[in-house]
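Q: Got a structure for you, coords_29.csv, holding CSV, C-alpha atoms and all ligand atoms.
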```csv
chain,number,residue,atom,x,y,z
A,27,LEU,CA,6.2,-23.5,-7.4
A,28,ALA,CA,7.4,-24.0,-11.0
A,29,ALA,CA,9.7,-26.9,-11.8
A,30,SER,CA,13.4,-26.6,-11.6
A,31,VAL,CA,15.0,-24.6,-14.4
A,32,THR,CA,18.6,-25.3,-15.3
A,33,GLU,CA,20.8,-23.1,-17.4
A,34,SER,CA,20.4,-25.4,-20.4
A,35,ASP,CA,16.6,-25.2,-20.0
A,36,ARG,CA,16.9,-21.5,-20.0
A,37,ARG,CA,18.9,-21.5,-23.2
A,38,THR,CA,16.4,-23.9,-24.8
A,39,GLN,CA,13.6,-21.7,-23.8
A,40,ASN,CA,15.3,-18.7,-25.4
A,41,ALA,CA,15.9,-20.8,-28.5
A,42,ASP,CA,12.2,-21.5,-28.6
A,43,GLN,CA,11.7,-17.8,-28.5
A,44,GLU,CA,9.5,-18.2,-25.5
A,45,GLU,CA,10.3,-15.2,-23.4
A,46,PRO,CA,11.5,-16.1,-19.9
A,47,HIS,CA,9.7,-14.8,-16.9
A,48,TYR,CA,11.4,-13.9,-13.6
A,49,LEU,CA,10.1,-13.5,-10.1
A,50,GLY,CA,11.1,-10.5,-8.2
A,51,ILE,CA,10.6,-10.3,-4.4
A,52,ASP,CA,10.7,-7.2,-2.3
A,53,ILE,CA,11.2,-8.2,1.4
A,54,GLY,CA,10.4,-5.5,3.9
A,55,GLY,CA,10.0,-5.4,7.7
A,56,THR,CA,6.3,-5.6,7.6
A,57,LYS,CA,5.3,-7.0,4.2
A,58,VAL,CA,6.5,-9.0,1.2
A,59,SER,CA,5.7,-8.0,-2.4
A,60,ALA,CA,6.4,-10.2,-5.3
A,61,GLY,CA,5.8,-9.9,-9.0
A,62,ILE,CA,6.3,-11.7,-12.3
A,63,VAL,CA,8.5,-9.7,-14.6
A,64,ASN,CA,9.4,-10.3,-18.2
A,65,ALA,CA,12.8,-9.8,-19.9
A,66,HIS,CA,11.8,-6.2,-20.8
A,67,GLY,CA,11.3,-5.2,-17.2
A,68,GLU,CA,7.5,-5.1,-17.5
A,69,ILE,CA,5.7,-6.2,-14.3
A,70,LEU,CA,3.0,-8.6,-15.4
A,71,SER,CA,1.4,-9.4,-12.0
A,72,THR,CA,2.0,-8.8,-8.4
A,73,ALA,CA,1.0,-10.1,-5.0
A,74,LYS,CA,1.7,-9.0,-1.4
A,75,GLY,CA,1.2,-10.2,2.1
A,76,PRO,CA,2.6,-9.9,5.6
A,77,MET,CA,6.2,-10.7,6.5
A,78,ASN,CA,6.8,-12.6,9.7
A,79,THR,CA,10.0,-11.2,11.3
A,80,GLU,CA,9.3,-12.1,14.9
A,81,GLY,CA,9.4,-15.8,14.7
A,82,SER,CA,12.1,-18.3,13.6
A,83,ALA,CA,14.2,-17.9,10.5
A,84,ARG,CA,12.2,-20.7,8.9
A,85,GLU,CA,8.9,-19.0,9.7
A,86,GLY,CA,10.2,-15.9,8.0
A,87,LEU,CA,11.1,-18.0,5.0
A,88,LEU,CA,7.7,-19.6,4.8
A,89,ALA,CA,6.0,-16.1,4.9
A,90,VAL,CA,8.0,-15.3,1.8
A,91,ARG,CA,7.1,-18.6,0.2
A,92,ASN,CA,3.4,-17.9,0.7
A,93,ILE,CA,3.5,-14.8,-1.4
A,94,LEU,CA,5.7,-16.5,-4.0
A,95,ASP,CA,3.1,-19.3,-4.4
A,96,LYS,CA,0.4,-16.7,-4.8
A,97,VAL,CA,2.0,-14.8,-7.6
A,98,ALA,CA,3.7,-17.9,-9.2
A,99,SER,CA,0.3,-19.6,-9.6
A,100,ARG,CA,-0.7,-16.8,-12.0
A,101,ASN,CA,2.2,-17.6,-14.3
A,102,GLY,CA,0.4,-20.7,-15.5
A,103,LYS,CA,2.6,-23.6,-16.6
A,104,ARG,CA,5.4,-21.3,-17.8
A,105,PRO,CA,8.5,-22.1,-15.8
A,106,LEU,CA,10.3,-19.3,-13.9
A,107,ALA,CA,13.8,-18.6,-15.1
A,108,GLY,CA,14.9,-17.3,-11.7
A,109,ILE,CA,13.9,-15.7,-8.5
A,110,GLY,CA,15.6,-12.4,-7.4
A,111,VAL,CA,15.4,-11.1,-3.9
A,112,SER,CA,15.6,-7.5,-2.9
A,113,SER,CA,16.4,-7.3,0.8
A,114,PRO,CA,16.9,-4.4,3.2
A,115,GLY,CA,20.1,-4.2,5.3
A,116,GLN,CA,23.4,-5.9,4.8
A,117,VAL,CA,23.4,-8.7,2.3
A,118,ASP,CA,26.3,-10.7,0.9
A,119,PRO,CA,25.4,-10.9,-2.8
A,120,PHE,CA,28.1,-13.5,-3.4
A,121,SER,CA,27.1,-16.1,-0.8
A,122,GLY,CA,23.4,-15.1,-0.7
A,123,VAL,CA,23.6,-14.6,3.1
A,124,VAL,CA,21.5,-11.9,4.9
A,125,ARG,CA,24.0,-10.5,7.3
A,126,ASN,CA,22.0,-8.1,9.4
A,127,ALA,CA,18.9,-6.0,8.7
A,128,VAL,CA,17.4,-4.0,11.5
A,129,ASN,CA,13.9,-4.7,10.3
A,130,LEU,CA,14.4,-8.4,9.7
A,131,PRO,CA,15.4,-9.7,13.1
A,132,CYS,CA,14.5,-13.3,12.1
A,133,TRP,CA,17.5,-13.5,9.8
A,134,VAL,CA,21.0,-12.8,11.1
A,135,ASP,CA,23.7,-14.4,9.0
A,136,TYR,CA,21.0,-16.4,7.4
A,137,PRO,CA,21.7,-18.2,4.1
A,138,LEU,CA,18.5,-17.0,2.5
A,139,ARG,CA,19.6,-17.9,-1.1
A,140,ASN,CA,20.4,-21.5,-0.3
A,141,GLU,CA,17.3,-22.0,1.8
A,142,MET,CA,15.1,-20.5,-1.0
A,143,GLU,CA,16.7,-22.6,-3.7
A,144,GLN,CA,16.0,-25.7,-1.7
A,145,LEU,CA,12.5,-24.7,-1.1
A,146,CYS,CA,11.6,-23.5,-4.6
A,147,GLN,CA,14.0,-25.5,-6.8
A,148,VAL,CA,14.7,-22.4,-8.9
A,149,PRO,CA,18.0,-20.4,-9.1
A,150,VAL,CA,17.8,-17.5,-6.6
A,151,TRP,CA,19.7,-14.2,-6.6
A,152,ILE,CA,19.9,-11.8,-3.7
A,153,ASP,CA,21.1,-8.3,-3.2
A,154,ASN,CA,20.3,-5.2,-1.1
A,155,ASP,CA,17.4,-3.2,-2.2
A,156,ALA,CA,19.3,-0.2,-3.5
A,157,ASN,CA,21.6,-2.3,-5.6
A,158,ALA,CA,18.7,-4.2,-7.0
A,159,ALA,CA,16.7,-1.1,-7.8
A,160,GLY,CA,19.7,0.6,-9.4
A,161,LEU,CA,20.3,-2.4,-11.6
A,162,ALA,CA,16.6,-2.4,-12.8
A,163,GLU,CA,16.9,1.3,-13.7
A,164,ALA,CA,20.1,0.6,-15.6
A,165,LEU,CA,18.6,-2.4,-17.5
A,166,TRP,CA,15.1,-1.1,-18.2
A,167,GLY,CA,14.5,2.2,-16.5
A,168,ALA,CA,15.6,5.8,-16.5
A,169,ALA,CA,19.3,4.8,-16.9
A,170,ALA,CA,18.7,2.4,-19.8
A,171,GLY,CA,21.4,3.0,-22.5
A,172,TYR,CA,24.0,4.5,-20.1
A,173,ASP,CA,27.1,2.6,-19.2
A,174,SER,CA,27.9,4.2,-15.8
A,175,VAL,CA,25.0,4.9,-13.5
A,176,PHE,CA,24.7,6.3,-10.0
A,177,TYR,CA,21.4,5.5,-8.4
A,178,ALA,CA,20.0,6.9,-5.2
A,179,SER,CA,16.9,5.9,-3.4
A,180,ILE,CA,15.7,8.7,-1.1
A,181,GLY,CA,13.1,7.7,1.4
A,182,THR,CA,13.3,6.8,5.1
A,183,GLY,CA,17.0,6.4,4.4
A,184,ILE,CA,19.3,6.9,1.4
A,185,GLY,CA,20.4,3.8,-0.4
A,186,THR,CA,22.7,3.9,-3.4
A,187,ALA,CA,24.1,1.8,-6.2
A,188,ILE,CA,26.9,2.0,-8.6
A,189,VAL,CA,26.1,0.2,-11.9
A,190,GLN,CA,28.8,-0.1,-14.5
A,191,ASN,CA,28.1,-1.7,-17.9
A,192,ARG,CA,24.9,-3.2,-16.6
A,193,ALA,CA,26.6,-4.9,-13.6
A,194,ILE,CA,26.4,-3.8,-9.9
A,195,TYR,CA,29.7,-2.7,-8.5
A,196,HIS,CA,30.0,-4.7,-5.3
A,197,GLY,CA,33.6,-4.3,-4.2
A,198,PRO,CA,35.5,-7.4,-3.0
A,199,THR,CA,33.1,-8.2,-0.1
A,200,GLY,CA,29.8,-6.9,-1.5
A,201,ALA,CA,29.9,-3.8,0.8
A,202,ALA,CA,30.5,-1.2,-1.9
A,203,GLY,CA,28.1,1.5,-3.0
A,204,GLU,CA,26.9,2.7,0.4
A,205,GLY,CA,26.8,6.3,-0.7
A,206,GLY,CA,24.1,7.3,1.7
A,207,HIS,CA,26.6,7.0,4.5
A,208,MET,CA,29.2,9.4,3.1
A,209,SER,CA,29.6,12.1,5.7
A,210,ILE,CA,29.4,15.6,4.4
A,211,ASP,CA,29.5,17.3,7.9
A,212,TYR,CA,31.7,15.3,10.2
A,213,ARG,CA,31.6,18.0,12.8
A,214,GLY,CA,27.9,18.3,12.7
A,215,ASP,CA,25.8,17.5,15.7
A,216,VAL,CA,23.5,15.1,13.9
A,217,ASN,CA,24.5,11.4,14.1
A,218,CYS,CA,23.2,9.0,11.5
A,219,ASN,CA,21.4,5.7,12.4
A,220,CYS,CA,24.7,4.1,11.4
A,221,GLY,CA,26.5,5.9,14.2
A,222,LYS,CA,28.6,8.2,12.0
A,223,PRO,CA,28.3,12.0,12.2
A,224,GLY,CA,27.0,13.9,9.3
A,225,CYS,CA,26.0,11.2,6.8
A,226,ILE,CA,23.9,12.6,3.9
A,227,GLU,CA,21.2,10.1,4.9
A,228,SER,CA,20.8,11.9,8.3
A,229,MET,CA,20.3,15.2,6.5
A,230,ALA,CA,18.4,14.5,3.2
A,231,ALA,CA,16.3,11.4,3.9
A,232,GLY,CA,12.8,11.8,5.2
A,233,PRO,CA,13.5,11.9,8.9
A,234,GLY,CA,16.3,14.5,8.4
A,235,ILE,CA,14.0,16.7,6.3
A,236,ALA,CA,11.3,16.4,8.9
A,237,ARG,CA,13.7,17.2,11.7
A,238,ARG,CA,15.0,20.4,10.1
A,239,ALA,CA,11.4,21.5,9.4
A,240,ARG,CA,10.4,21.0,13.0
A,241,VAL,CA,13.3,23.1,14.3
A,242,LYS,CA,12.4,25.9,11.9
A,243,VAL,CA,8.7,25.8,12.9
A,244,ALA,CA,9.5,25.7,16.6
A,245,SER,CA,11.8,28.6,16.4
A,246,ASN,CA,9.4,30.8,14.4
A,247,VAL,CA,5.7,30.1,15.0
A,248,LYS,CA,4.5,32.8,12.7
A,249,LYS,CA,6.5,31.7,9.7
A,250,GLY,CA,5.8,28.1,10.7
A,251,ARG,CA,2.0,28.5,10.8
A,252,ALA,CA,1.3,27.2,7.3
A,253,LEU,CA,3.3,24.0,7.8
A,254,LEU,CA,1.9,23.6,11.2
A,255,ASN,CA,-1.6,23.6,9.7
A,256,VAL,CA,-0.6,20.9,7.3
A,257,ALA,CA,0.4,18.8,10.4
A,258,GLN,CA,-2.8,19.6,12.1
A,259,GLY,CA,-1.2,21.9,14.7
A,260,ASP,CA,1.3,19.4,16.1
A,261,VAL,CA,5.0,20.2,15.6
A,262,SER,CA,6.0,16.6,16.4
A,263,ALA,CA,3.6,15.4,13.6
A,264,ILE,CA,5.5,17.2,10.9
A,265,THR,CA,6.9,14.6,8.4
A,266,SER,CA,8.7,15.0,5.1
A,267,GLU,CA,5.4,14.4,3.4
A,268,CYS,CA,4.0,17.4,5.3
A,269,VAL,CA,6.9,19.4,4.0
A,270,GLY,CA,6.2,18.2,0.5
A,271,ARG,CA,2.5,19.3,0.8
A,272,GLY,CA,3.5,22.6,2.3
A,273,TRP,CA,5.8,23.3,-0.7
A,274,LYS,CA,3.0,22.4,-3.1
A,275,LEU,CA,0.8,25.0,-1.3
A,276,GLY,CA,3.5,27.6,-1.7
A,277,ASP,CA,4.6,27.8,1.9
A,278,PRO,CA,8.0,29.6,2.0
A,279,LEU,CA,9.2,27.7,5.1
A,280,SER,CA,8.6,24.3,3.4
A,281,THR,CA,10.3,25.6,0.3
A,282,ALA,CA,13.3,26.7,2.3
A,283,VAL,CA,13.6,23.2,3.9
A,284,LEU,CA,13.6,21.5,0.5
A,285,MET,CA,16.0,24.1,-1.0
A,286,GLU,CA,18.4,23.2,1.9
A,287,THR,CA,17.9,19.6,1.1
A,288,ALA,CA,18.8,20.3,-2.5
A,289,ASP,CA,22.0,22.2,-1.3
A,290,VAL,CA,23.3,19.2,0.7
A,291,LEU,CA,22.4,16.8,-2.1
A,292,ALA,CA,24.4,19.0,-4.5
A,293,VAL,CA,27.5,18.9,-2.1
A,294,TRP,CA,27.1,15.1,-1.9
A,295,MET,CA,26.5,14.5,-5.6
A,296,GLY,CA,29.4,16.7,-6.4
A,297,ASN,CA,31.7,14.4,-4.4
A,298,ILE,CA,30.3,11.4,-6.2
A,299,ILE,CA,30.7,13.0,-9.6
A,300,ASP,CA,34.4,13.9,-8.9
A,301,LEU,CA,35.0,10.3,-7.8
A,302,PHE,CA,33.0,8.3,-10.3
A,303,GLU,CA,31.8,10.5,-13.1
A,304,PRO,CA,28.6,8.7,-13.8
A,305,GLN,CA,26.9,9.3,-17.2
A,306,VAL,CA,23.5,9.7,-15.4
A,307,ILE,CA,22.2,10.1,-11.9
A,308,VAL,CA,18.9,8.4,-11.2
A,309,VAL,CA,16.9,9.3,-8.1
A,310,GLY,CA,14.1,7.0,-6.8
A,311,GLY,CA,12.6,6.1,-3.5
A,312,GLY,CA,9.6,7.5,-1.6
A,313,LEU,CA,10.9,11.1,-1.9
A,314,GLY,CA,12.3,10.7,-5.4
A,315,GLU,CA,9.4,12.4,-7.0
A,316,LEU,CA,9.3,15.3,-4.6
A,317,MET,CA,13.0,15.9,-4.9
A,318,SER,CA,12.9,15.6,-8.7
A,319,ASN,CA,11.3,19.1,-8.6
A,320,PHE,CA,14.7,20.3,-7.3
A,321,PHE,CA,16.9,18.6,-9.9
A,322,GLU,CA,17.5,21.9,-11.6
A,323,GLU,CA,18.5,23.5,-8.3
A,324,ILE,CA,21.0,20.7,-7.6
A,325,ARG,CA,22.4,20.8,-11.1
A,326,LEU,CA,22.9,24.6,-11.1
A,327,GLN,CA,25.0,24.2,-7.9
A,328,LEU,CA,27.1,21.2,-9.1
A,329,PRO,CA,29.9,23.3,-10.7
A,330,LYS,CA,30.5,24.9,-7.3
A,331,TYR,CA,31.1,21.6,-5.7
A,332,THR,CA,33.0,19.7,-8.4
A,333,LEU,CA,36.3,19.8,-10.2
A,334,ASN,CA,34.6,18.0,-13.1
A,335,LYS,CA,33.9,20.6,-15.9
A,336,ASN,CA,30.9,18.6,-17.1
A,337,SER,CA,29.2,18.1,-13.8
A,338,GLY,CA,26.4,20.5,-14.7
A,339,SER,CA,25.5,18.6,-17.8
A,340,ILE,CA,25.2,15.1,-16.3
A,341,PRO,CA,21.5,14.3,-16.6
A,342,MET,CA,19.5,13.7,-13.4
A,343,LYS,CA,16.5,11.6,-13.9
A,344,LEU,CA,13.6,10.4,-11.8
A,345,ALA,CA,13.5,6.6,-11.5
A,346,ARG,CA,11.1,4.6,-13.6
A,347,TYR,CA,10.1,2.2,-10.9
A,348,GLY,CA,8.4,3.8,-7.9
A,349,PRO,CA,6.9,1.5,-5.2
A,350,ASP,CA,7.7,-1.5,-7.5
A,351,SER,CA,11.4,-0.9,-7.5
A,352,GLY,CA,12.0,-3.9,-5.2
A,353,ILE,CA,10.1,-6.3,-7.6
A,354,ALA,CA,11.8,-5.0,-10.7
A,355,GLY,CA,15.1,-4.9,-8.9
A,356,GLY,CA,14.8,-8.6,-7.8
A,357,ALA,CA,13.9,-9.6,-11.3
A,358,ALA,CA,16.9,-7.6,-12.7
A,359,LEU,CA,19.2,-9.6,-10.5
A,360,CYS,CA,18.2,-12.8,-12.3
A,361,LEU,CA,19.4,-11.3,-15.6
A,362,HIS,CA,22.5,-9.4,-14.7
A,363,SER,CA,23.2,-10.4,-11.1
A,364,THR,CA,26.8,-10.0,-11.2
A,365,SER,CA,29.9,-7.9,-11.3
A,366,ALA,CA,33.1,-9.8,-12.2
A,367,ALA,CA,33.5,-11.3,-8.7
A,368,GLY,CA,29.9,-12.4,-8.6
A,369,ALA,CA,30.2,-13.9,-12.1
A,370,ASN,CA,32.8,-16.2,-10.7
A,371,THR,CA,30.5,-17.2,-7.8
A,372,ALA,CA,27.8,-17.9,-10.3
A,373,ALA,CA,30.1,-20.1,-12.4
A,374,LYS,CA,31.1,-21.9,-9.2
A,375,ARG,CA,27.5,-22.5,-8.3
A,376,LYS,CA,26.7,-23.9,-11.7
A,377,LYS,CA,29.7,-26.3,-11.4
A,378,GLN,CA,28.5,-27.4,-8.0
A,379,ALA,CA,25.1,-28.0,-9.4
A,380,VAL,CA,26.5,-30.3,-12.1
B,1,ZN,ZN,25.2,6.8,8.2
```
Would you mind giving the structure from this file in structure tokens?

A:
Amino acid sequence: LAASVTESDRRTQNADQEEPHYLGIDIGGTKVSAGIVNAHGEILSTAKGPMNTEGSAREGLLAVRNILDKVASRNGKRPLAGIGVSSPGQVDPFSGVVRNAVNLPCWVDYPLRNEMEQLCQVPVWIDNDANAAGLAEALWGAAAGYDSVFYASIGTGIGTAIVQNRAIYHGPTGAAGEGGHMSIDYRGDVNCNCGKPGCIESMAAGPGIARRARVKVASNVKKGRALLNVAQGDVSAITSECVGRGWKLGDPLSTAVLMETADVLAVWMGNIIDLFEPQVIVVGGGLGELMSNFFEEIRLQLPKYTLNKNSGSIPMKLARYGPDSGIAGGAALCLHSTSAAGANTAAKRKKQAV
């Protein structure tokens, strides 16, 4: 990999007007993607390969290193100003330790940042995937120019980030911003993966959308026929993607399922607006584009669920970064990795390095 880059090198580089490049890594349960990103958030090149989660922690690390080498070799002789890691699950952004991620069994309380810095000799930053993606949107994406940003990634789960003045709000231990696990129906009969009842994630993420659609189809075969056809006649094969396709075909049942999704999202976002009053709400993730067709539905309902008189005029935008949000997010961490608490940690690290 590229030679070690110190803070003073970075400054010199800037003085030379040579634009720094950053390496963003998106680590998932089955694959690793990495990309070179410039200071404007443009992804210049990418590489991906398999992740090894079944072996030792070191083997997991080496799987990541393989992909890094692949993409870094395309950066020529230009040194990398930093590596940023977007990780699923619980991550301590201050210590750089991966606490616990269901789909990364190889790393439990694993000091990923320290191990990577030793291996790559480049400063490394790490955060959870939603925080990283939210920061990228705030720096370069749909939320560029806004001071207070609420980001939600809707896919197989719902990850969220609070970004204030271009810094992630972490809370004292790095656990803040888990908006996907706000319960909006604590008496409901659906338990979230996290164990709590009624989390918005359990209702409005992909599996929740699919579950509600299956129940509707099973209870009314006639009305469910169109969606059933999309799923090739198999109720259990109905996914949120099927519902999206059904909606595009004009199927009323699929439309009803997505309208319900918009309803629960409006209740949830109303809570968030009353608490935090973001200037903009950005929605990304695998279902972001589909749900962006319902932004107007959500916005029209917001006044019903908020005290805030301006709730209906807060813009809702589709994220700029789709499948590359982890790469852009990782790179963004290198530029603005820190809230106040993290900045102290960064200063400490620099001192230690000296
Ligand atoms: Zn939950």

Q: Point out the residue among A:Gly75, A:Gly338, A:Gly348, A:Gly203 with the least atom-to-atom distance to Gln116 of chain A, counting all atoms listed in the file.

A: A:Gly203

Q: Interatomic distance between atom CA of Arg240 of chain A and atom CA of Ile184 of chain A?

A: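 A separation of 20.3 Å between them.
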
Q: Given only C-alpha atoms and all ligand atoms as the basis, pick out the residue of A:Leu88, A:Ala345, A:Leu284, A:Ile210 nearest to ligand ZN 1 (chain B).

A: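 Ranked by minimum distance to ligand ZN 1 (chain B), first place goes to A:Ile210.
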
Q: Return as number ranges by chain the residues of protein, DNA or RNA that approach ligand ZN 1 (chain B) to within 6 Å, with only C-alpha atoms and all ligand atoms taken into account.

A: A: 207, 218-220, 222, 225

Q: Which residues, written as a list in words, have at least one atom at most 10 Å from Ala187 of chain A, with all atoms listed in the file counted and residues fewer than 3 positions away on the same chain left out?

A: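 Returned residues: Asn154, Asp155, Ala156, Asn157, Ala158, Ala159, Gly160, Leu161, Val175, Phe176, Tyr177, Ala178, Ser179, Gln190, Ile194, Tyr195, His196, Ala202, Gly203, Glu204, Gly205, Gly206 and Val308 of chain A.
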
Q: Find the residue from A:Ala193, A:Val123, A:Ile324, A:Ala201 that sits nearest to Ile340 of chain A; use all atoms listed in the file when measuring.

A: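 Selected residue with least distance to Ile340 of chain A: A:Ile324.
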
Q: Give me the residues near Ser112 of chain A as a PyMOL selection string, where near means some atom within 6 Å (using all atoms listed in the file) and where sequence neighbours in that chain fewer than 3 positions away do not count.

A: chain A and resi 51-52+153-155+352+356

Q: Have a look at atom CA of Ser209 of chain A and atom CA of Lys335 of chain A and let me know their distance in Å, one decimal.

A: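 About the pair atom CA of Ser209 of chain A and atom CA of Lys335 of chain A: they are 23.6 Å apart.
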
Q: Counting only C-alpha atoms, what is within 7 Å of segment 270-283 of chain A, bar same-chain residues fewer than 6 positions away, as a PyMOL selection string?

A: chain A and resi 235+238-239+249-250+252-253+256+316

Q: Rounded to one decimal in Å, what is the spacing between atom CA of Thr79 of chain A and atom CA of Asn92 of chain A?

A: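 According to the coordinates, atom CA of Thr79 of chain A and atom CA of Asn92 of chain A are separated by 14.2 Å.
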
Q: Taking into account all atoms listed in the file, which residue in the set A:Val189, A:Val111, A:Leu49, A:Ile307 is nearest to Ala164 of chain A?

A: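 Of the candidates, the smallest distance to Ala164 of chain A is held by A:Val189.
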
Q: Return the single residue from A:Gly67, A:Gly296, A:Gly102, A:Pro76 that is closest to Gly55 of chain A, with distances computed using all atoms listed in the file.

A: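 Closest to Gly55 of chain A of all the choices is A:Pro76.
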
Q: List the spatial neighbours of Tyr136 of chain A as a compact mmCIF listing (two decimals) with C-alpha atoms, in the frame of the given file - criterion: any atom at most 9 Å away, only C-alpha atoms, same-chain residues fewer than 5 positions off excluded.

A:
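Final output, saved to selection-v5.txt:
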```txt
# COMPACT_ATOMS: atom_id res chain seq x y z
CA ALA A 83 14.20 -17.90 10.50
CA GLY A 122 23.40 -15.10 -0.70
CA VAL A 123 23.60 -14.60 3.10
CA VAL A 124 21.50 -11.90 4.90
CA ARG A 125 24.00 -10.50 7.30
CA ASN A 126 22.00 -8.10 9.40
CA GLU A 141 17.30 -22.00 1.80
```
